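Q: This is the structure I have questions about; it appears just below.
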Amino acid sequence: MTLPFFPEDLFDADRDVLLDIVERVGCAPEQKFILGERTAEFEAAIRDSVGAADAIACGSGTSALTLVLRAMDVGVGDEVIVPAFGCAPLASAPALLGATPVFADVDPRTMVVDTAAVARLITPRTKVIMPAHMFSVMADMPALRRIATSAGVRLLEDSAVAQGGSLAGTPAGMWGDAGVYSFVQVKTFGMPGEGGMVVTGDLDLGATVRMLRNHGQDGENRFLYHQVGYNSRFDEIMAAFQLHRLPTFPERLARRARIGEYYTGRFGDLAGCGVEPPPATRDGRCYYVYSLLVERREELRDHLATRGIGSHVYYRDALPRQPAFTSYVRPDGAWPGADLAARRSLAIPIYPQLTDQQVEHIADAVCEFAKEL
Ligand SMILES: *Cc1c(COP(=O)(O)O)cnc(C)c1O
């Protein structure tokens, strides 16, 4: 592939900075490798970047979701409403706490959770609604906020792919009682390691997450444990690296948005040819991944591959179709939107390192395919 789906030079530009940080942290007399000053500084920077009351760095996005659910007191007998299309932790985080993930169908066009489906699935056992932003589209958070408030349940906003996005002036992550970001390398603010962050306006919830991430240990009294906790701590080297990269994050996001908008402009008239771009709207967008809906997906994939362009199928199966989660599925469950998304979605490269010429080449190849039909 001349244009791989995942860039091969993710962190090359910051190589010297990273090596220098490794040396500084590694050789520092205090020998503090986790949850030190740099992590605290990184938490404060993220907290302030979105106007949260607290931000808690965790070992991964997945464990951030788990800690928030635990802090929301989710356990056996509880239901957590999650999208039927998305990544595994949406279902496994509640399941591993003994709760039941309840799958709500998604909108077949935007692939984010269908709010009417969420509203229909509320029961007296529902404890949390956990929507996720998907690919380049944020979930309908105003509607989900209303549904959660009127049902008296909590809202956990999986913003693993949407850090830096905003909807109606509110940053992704700040619509929920808590929001979660992921820094796994492929995410928009990814890093060469594992990590995640919880942001919240609820100081009590934040304090509980902070305690749970370090074995349920008291913040002041070492070796005093208030709850059965987890090890979900954050690495000092990664904290320093992310602090270095935070000021240029908006530029990289803006570059992604420009590429996404260019694609959408080029693909606007392809819907009649079996290739549908995401919506052309500007608010509530995040441009983590640019996913087309394609009737003859495997053919487009081959067409792109012969032109040296990598593509990626995110989620070949809806979550309730996965062997891991079938035991949580209700006999009358149906997710036509999720099944359609699983059959049609195809992601094309959108990373900021792409040159204008490469982006044009990718767009040309997609248009050529659609117009041949
Ligand atoms: C990446 C992702 C996660 C998990 O984050 P990790 O840091 O990989 O554990 C959770 N939810 C969504 C929607 C994601 O895209």
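Chain labels run A, B, ... following the order of the structure tokens; each chain numbers its residues from 1, and ligands are numbered from 1 in the order shown.
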Neighbours of ligand 1 within 6 Å, counting only C-alpha atoms and all ligand atoms, as a VMD selection string?
A: chain A and resid 60 to 62 87 89 132 158 160 to 161 182 to 184 195 to 196
Q: Compile a residue-level contact table for region 134-231 of chain A against region 69-76 of chain A at a cut-off of 9 Å, reporting for every qualifying residue the shortest atom pair and its distance in Å to one decimal, with only C-alpha atoms counted, rows ordered by chain and ascending number, as CSV.
A:
```
residue,atom,partner,partner_atom,distance
A:Arg154,CA,A:Met72,CA,7.7
A:Leu156,CA,A:Leu69,CA,8.0
A:Leu205,CA,A:Ala71,CA,6.2
A:Gly206,CA,A:Ala71,CA,8.4
A:Thr208,CA,A:Ala71,CA,5.8
A:Val209,CA,A:Ala71,CA,6.0
A:Leu212,CA,A:Ala71,CA,7.9
```
Q: In terms of the shortest atom-to-atom distance over only C-alpha atoms, which of A:Gly193, A:Pro94, A:Pro279, A:Gly265 is closest to Ala64 (chain A)?
A: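 Checking each candidate against Ala64 (chain A), we get A:Pro94 as the closest.
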Q: Which residues come within 9 Å of Leu10 (chain A), counting only C-alpha atoms, excluding same-chain residues fewer than 3 positions away, as a list in words?
A: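 Near neighbours after the sequence-gap exclusion: Phe6, Pro7, Ala13, Gln185, Val186, Met191, Pro192 and Gln353 of chain A.
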Q: Near region 28-36 of chain A, counting only C-alpha atoms, which residues have an atom at most 7 Å away, once you skip same-chain residues fewer than 4 positions from it, shown as a PyMOL selection string?
A: chain A and resi 24+40+233-236
Q: Let me see the file: selected residues, N, CA and C atoms, as a short mmCIF file (atom, residue, chain, number, x, y, z; two decimals), in the first residue's frame.
A:
```cif
data_model
loop_
_atom_site.label_atom_id
_atom_site.label_comp_id
_atom_site.auth_asym_id
_atom_site.auth_seq_id
_atom_site.Cartn_x
_atom_site.Cartn_y
_atom_site.Cartn_z
N ARG A 24 14.65 11.56 30.78
CA ARG A 24 14.44 12.42 31.95
C ARG A 24 13.67 11.69 33.05
N ALA A 40 -0.57 14.51 36.93
CA ALA A 40 -1.45 15.52 37.53
C ALA A 40 -1.56 16.74 36.62
N ARG A 233 -3.71 2.80 36.42
CA ARG A 233 -2.92 4.00 36.67
C ARG A 233 -2.28 4.52 35.37
N PHE A 234 -1.79 5.74 35.42
CA PHE A 234 -1.28 6.38 34.20
C PHE A 234 0.23 6.55 34.26
N ASP A 235 0.83 6.41 33.09
CA ASP A 235 2.28 6.40 32.95
C ASP A 235 2.84 7.83 32.84
N GLU A 236 3.88 8.12 33.59
CA GLU A 236 4.49 9.46 33.59
C GLU A 236 5.13 9.84 32.25
#
```
Q: Which residue out of A:His133, A:Arg109, A:His361, A:Arg15 has the minimum interatomic distance to Tyr262 (chain A) when only C-alpha atoms are used?
A: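 The closest residue to Tyr262 (chain A) is A:His361.
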Q: Determine, counting only C-alpha atoms, which protein, DNA and RNA residues have an atom within 7 Å of an atom of region 281-290 of chain A; residues of the same chain fewer than 4 positions away are not included. Present the result as an NGL selection string.
A: :A and (135-138 or 161-162 or 165-168 or 187-188 or 256-257 or 260 or 347-348 or 350)
Q: Now that the selection is made, can you save its residues with N, CA, C and O atoms as a compact mmCIF listing (two decimals), in the first residue's frame?
A:
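again.txt written:
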```txt
# COMPACT_ATOMS: atom_id res chain seq x y z
N PHE A 135 -17.13 7.17 14.53
CA PHE A 135 -16.45 7.55 13.29
C PHE A 135 -16.28 9.06 13.20
O PHE A 135 -15.31 9.59 13.69
N SER A 136 -17.24 9.76 12.57
CA SER A 136 -17.08 11.22 12.48
C SER A 136 -18.30 11.96 13.00
O SER A 136 -18.40 13.17 12.86
N VAL A 137 -19.23 11.23 13.60
CA VAL A 137 -20.49 11.84 14.00
C VAL A 137 -20.71 11.68 15.50
O VAL A 137 -20.58 10.58 16.04
N MET A 138 -21.02 12.78 16.18
CA MET A 138 -21.35 12.68 17.60
C MET A 138 -22.81 12.23 17.75
O MET A 138 -23.68 12.57 16.95
N VAL A 161 -13.62 8.49 20.67
CA VAL A 161 -13.21 8.90 19.33
C VAL A 161 -13.47 10.39 19.08
O VAL A 161 -13.20 10.88 17.99
N ALA A 162 -13.99 11.09 20.07
CA ALA A 162 -14.50 12.44 19.79
C ALA A 162 -13.82 13.54 20.58
O ALA A 162 -14.31 14.67 20.61
N GLY A 165 -14.01 17.37 19.75
CA GLY A 165 -15.25 17.71 19.04
C GLY A 165 -16.19 18.47 19.97
O GLY A 165 -16.00 18.49 21.18
N SER A 166 -17.20 19.10 19.39
CA SER A 166 -18.21 19.74 20.24
C SER A 166 -19.55 19.75 19.51
O SER A 166 -19.60 19.66 18.29
N LEU A 167 -20.60 19.81 20.30
CA LEU A 167 -21.96 19.82 19.75
C LEU A 167 -22.73 20.92 20.47
O LEU A 167 -22.77 20.94 21.71
N ALA A 168 -23.30 21.83 19.70
CA ALA A 168 -24.06 22.95 20.25
C ALA A 168 -23.24 23.68 21.34
O ALA A 168 -23.77 24.09 22.36
N LYS A 187 -6.41 6.65 18.01
CA LYS A 187 -7.39 7.71 18.30
C LYS A 187 -6.81 9.08 17.95
O LYS A 187 -5.61 9.24 17.82
N THR A 188 -7.67 10.09 17.84
CA THR A 188 -7.20 11.39 17.34
C THR A 188 -6.14 12.00 18.25
O THR A 188 -5.27 12.72 17.79
N ARG A 256 -7.75 17.06 9.96
CA ARG A 256 -8.69 15.95 9.74
C ARG A 256 -10.04 16.48 9.24
O ARG A 256 -10.64 15.90 8.33
N ALA A 257 -10.51 17.56 9.86
CA ALA A 257 -11.81 18.11 9.48
C ALA A 257 -11.77 18.61 8.04
O ALA A 257 -12.72 18.40 7.27
N GLY A 260 -11.97 15.65 5.81
CA GLY A 260 -13.34 15.10 5.85
C GLY A 260 -14.31 15.95 5.05
O GLY A 260 -15.13 15.43 4.29
N ALA A 347 -14.16 2.44 5.85
CA ALA A 347 -13.43 3.65 6.24
C ALA A 347 -12.24 3.85 5.31
O ALA A 347 -11.53 2.91 4.97
N ILE A 348 -12.04 5.11 4.91
CA ILE A 348 -10.89 5.46 4.06
C ILE A 348 -9.94 6.36 4.87
O ILE A 348 -10.35 6.95 5.86
N ILE A 350 -7.84 9.18 6.68
CA ILE A 350 -8.13 10.60 6.98
C ILE A 350 -7.09 11.23 7.90
O ILE A 350 -7.27 12.34 8.38
```
Q: For a quick check of understanding, using only C-alpha atoms, which of A:Glu220, A:Asp140, A:Val50, A:Ala239 has the smallest distance to Ile21 (chain A)?
A: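 Checking each candidate against Ile21 (chain A), we get A:Ala239 as the closest.
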Q: Tell me which of A:Val359, A:Met130, A:Leu246, A:Leu67 sits closest to Ala44 (chain A), counting only C-alpha atoms.
A: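 Comparing A:Val359, A:Met130, A:Leu246, A:Leu67 against Ala44 (chain A), the winner is A:Leu246.
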Q: DSSP says alpha helix (DSSP H) for which residues of region 71-213 of chain A? Put them as a ChimeraX atom specification?
A: /A:71,89-96,115-121,141-151,203-212
Q: Where in region 87-300 of chain A does DSSP assign strand (DSSP E), given as a compact mmCIF listing (two decimals) with N, CA and C atoms, in the first residue's frame?
A:
```
# COMPACT_ATOMS: atom_id res chain seq x y z
N THR A 100 -26.24 -6.03 32.73
CA THR A 100 -26.66 -6.49 31.41
C THR A 100 -26.54 -5.34 30.41
N PRO A 101 -25.71 -5.53 29.37
CA PRO A 101 -25.74 -4.54 28.29
C PRO A 101 -27.02 -4.74 27.48
N VAL A 102 -27.76 -3.66 27.30
CA VAL A 102 -29.01 -3.73 26.53
C VAL A 102 -28.75 -2.97 25.23
N PHE A 103 -28.89 -3.68 24.11
CA PHE A 103 -28.46 -3.11 22.83
C PHE A 103 -29.55 -2.30 22.16
N ALA A 104 -29.27 -1.03 21.94
CA ALA A 104 -30.19 -0.15 21.20
C ALA A 104 -29.69 -0.04 19.77
N THR A 126 -32.89 -0.01 34.43
CA THR A 126 -31.87 0.79 33.72
C THR A 126 -31.14 1.69 34.71
N LYS A 127 -29.81 1.63 34.67
CA LYS A 127 -29.05 2.49 35.58
C LYS A 127 -28.29 3.56 34.81
N VAL A 128 -27.80 3.19 33.64
CA VAL A 128 -26.97 4.12 32.87
C VAL A 128 -27.31 4.00 31.39
N ILE A 129 -27.30 5.14 30.71
CA ILE A 129 -27.32 5.15 29.24
C ILE A 129 -25.90 5.50 28.80
N ARG A 154 -28.31 7.70 34.84
CA ARG A 154 -27.10 8.45 34.56
C ARG A 154 -26.68 8.29 33.11
N LEU A 155 -25.87 9.25 32.66
CA LEU A 155 -25.45 9.28 31.26
C LEU A 155 -23.93 9.26 31.21
N LEU A 156 -23.40 8.21 30.59
CA LEU A 156 -21.94 8.08 30.43
C LEU A 156 -21.63 8.22 28.94
N GLU A 157 -20.87 9.25 28.61
CA GLU A 157 -20.63 9.60 27.20
C GLU A 157 -19.29 9.02 26.75
N ASP A 158 -19.35 7.95 25.98
CA ASP A 158 -18.11 7.36 25.46
C ASP A 158 -17.60 8.25 24.31
N SER A 166 -17.20 19.10 19.39
CA SER A 166 -18.21 19.74 20.24
C SER A 166 -19.55 19.75 19.51
N LEU A 167 -20.60 19.81 20.30
CA LEU A 167 -21.96 19.82 19.75
C LEU A 167 -22.73 20.92 20.47
N THR A 170 -21.03 22.56 23.40
CA THR A 170 -20.55 21.76 24.53
C THR A 170 -19.55 20.71 24.02
N PRO A 171 -18.36 20.66 24.65
CA PRO A 171 -17.36 19.69 24.19
C PRO A 171 -17.81 18.24 24.36
N ALA A 178 -20.46 11.82 33.08
CA ALA A 178 -19.02 11.66 32.88
C ALA A 178 -18.79 11.34 31.41
N GLY A 179 -17.60 11.69 30.94
CA GLY A 179 -17.20 11.34 29.58
C GLY A 179 -15.85 10.65 29.63
N VAL A 180 -15.56 9.89 28.60
CA VAL A 180 -14.31 9.12 28.58
C VAL A 180 -13.58 9.35 27.26
N TYR A 181 -12.27 9.55 27.33
CA TYR A 181 -11.41 9.62 26.15
C TYR A 181 -10.44 8.45 26.16
N SER A 182 -9.95 8.11 24.99
CA SER A 182 -8.93 7.06 24.88
C SER A 182 -7.72 7.62 24.16
N GLY A 196 -6.28 6.39 29.05
CA GLY A 196 -7.59 6.98 28.85
C GLY A 196 -7.80 8.06 29.89
N MET A 197 -8.93 8.76 29.79
CA MET A 197 -9.20 9.85 30.72
C MET A 197 -10.71 9.93 30.97
N VAL A 198 -11.05 10.15 32.22
CA VAL A 198 -12.45 10.42 32.58
C VAL A 198 -12.56 11.92 32.81
N VAL A 199 -13.56 12.57 32.23
CA VAL A 199 -13.85 13.97 32.57
C VAL A 199 -15.25 14.02 33.15
N THR A 200 -15.43 14.88 34.13
CA THR A 200 -16.74 14.95 34.77
C THR A 200 -16.96 16.31 35.42
N VAL A 275 -22.72 4.70 -3.03
CA VAL A 275 -21.67 5.13 -2.12
C VAL A 275 -22.17 6.38 -1.41
N GLU A 276 -22.39 6.24 -0.10
CA GLU A 276 -22.98 7.37 0.62
C GLU A 276 -22.00 7.92 1.65
N TYR A 290 -13.26 8.30 8.69
CA TYR A 290 -14.22 8.72 7.66
C TYR A 290 -14.82 7.47 7.03
N SER A 291 -16.08 7.19 7.39
CA SER A 291 -16.71 5.95 6.94
C SER A 291 -17.76 6.21 5.89
N LEU A 292 -17.61 5.54 4.76
CA LEU A 292 -18.62 5.58 3.71
C LEU A 292 -19.57 4.41 3.92
N LEU A 293 -20.80 4.55 3.39
CA LEU A 293 -21.71 3.41 3.35
C LEU A 293 -21.75 2.94 1.91
N VAL A 294 -21.31 1.70 1.71
CA VAL A 294 -21.09 1.23 0.34
C VAL A 294 -21.84 -0.07 0.10
```
Q: Which residues of region 91-122 of chain A come within 10 Å of region 144-151 of chain A, and for each one, what is the closest pair of atoms and their distance in Å to one decimal, counting only C-alpha atoms, sorted by chain and residue number, as a Markdown table?
A:
```
| residue | atom | partner | partner_atom | distance |
| --- | --- | --- | --- | --- |
| A:Val113 | CA | A:Leu144 | CA | 9.5 |
| A:Asp114 | CA | A:Leu144 | CA | 9.5 |
| A:Thr115 | CA | A:Leu144 | CA | 6.5 |
| A:Ala116 | CA | A:Ile147 | CA | 9.3 |
| A:Val118 | CA | A:Leu144 | CA | 8.1 |
| A:Ala119 | CA | A:Ile147 | CA | 6.4 |
| A:Ile122 | CA | A:Ala151 | CA | 7.6 |
```
Q: What does the distance from CA of Met111 (chain A) to CA of Gln322 (chain A) come to in Å, to one decimal?
A: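 Between CA of Met111 (chain A) and CA of Gln322 (chain A) the gap is 17.7 Å.
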Q: For Ile81 (chain A), which residue among A:Phe267, A:Val153, A:Phe42, A:Glu37 is the nearest when counting only C-alpha atoms?
A: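 Under the stated criterion, the closest residue is A:Val153.
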Q: When you count only C-alpha atoms, which of these residues is closest to Pro349 (chain A): A:Ile259, A:Val228, A:Ala95, A:Leu90?
A: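 Between A:Ile259, A:Val228, A:Ala95, A:Leu90, the residue approaching Pro349 (chain A) most closely is A:Ile259.
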Q: Could you name the residues that touch Gly308 (chain A) at 6 Å or less, counting only C-alpha atoms, but leaving out those on the same chain fewer than 6 positions away, as a list of chain:residue names?
A: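 The contact residues come out as A:Met1, A:Thr2, A:Leu3.
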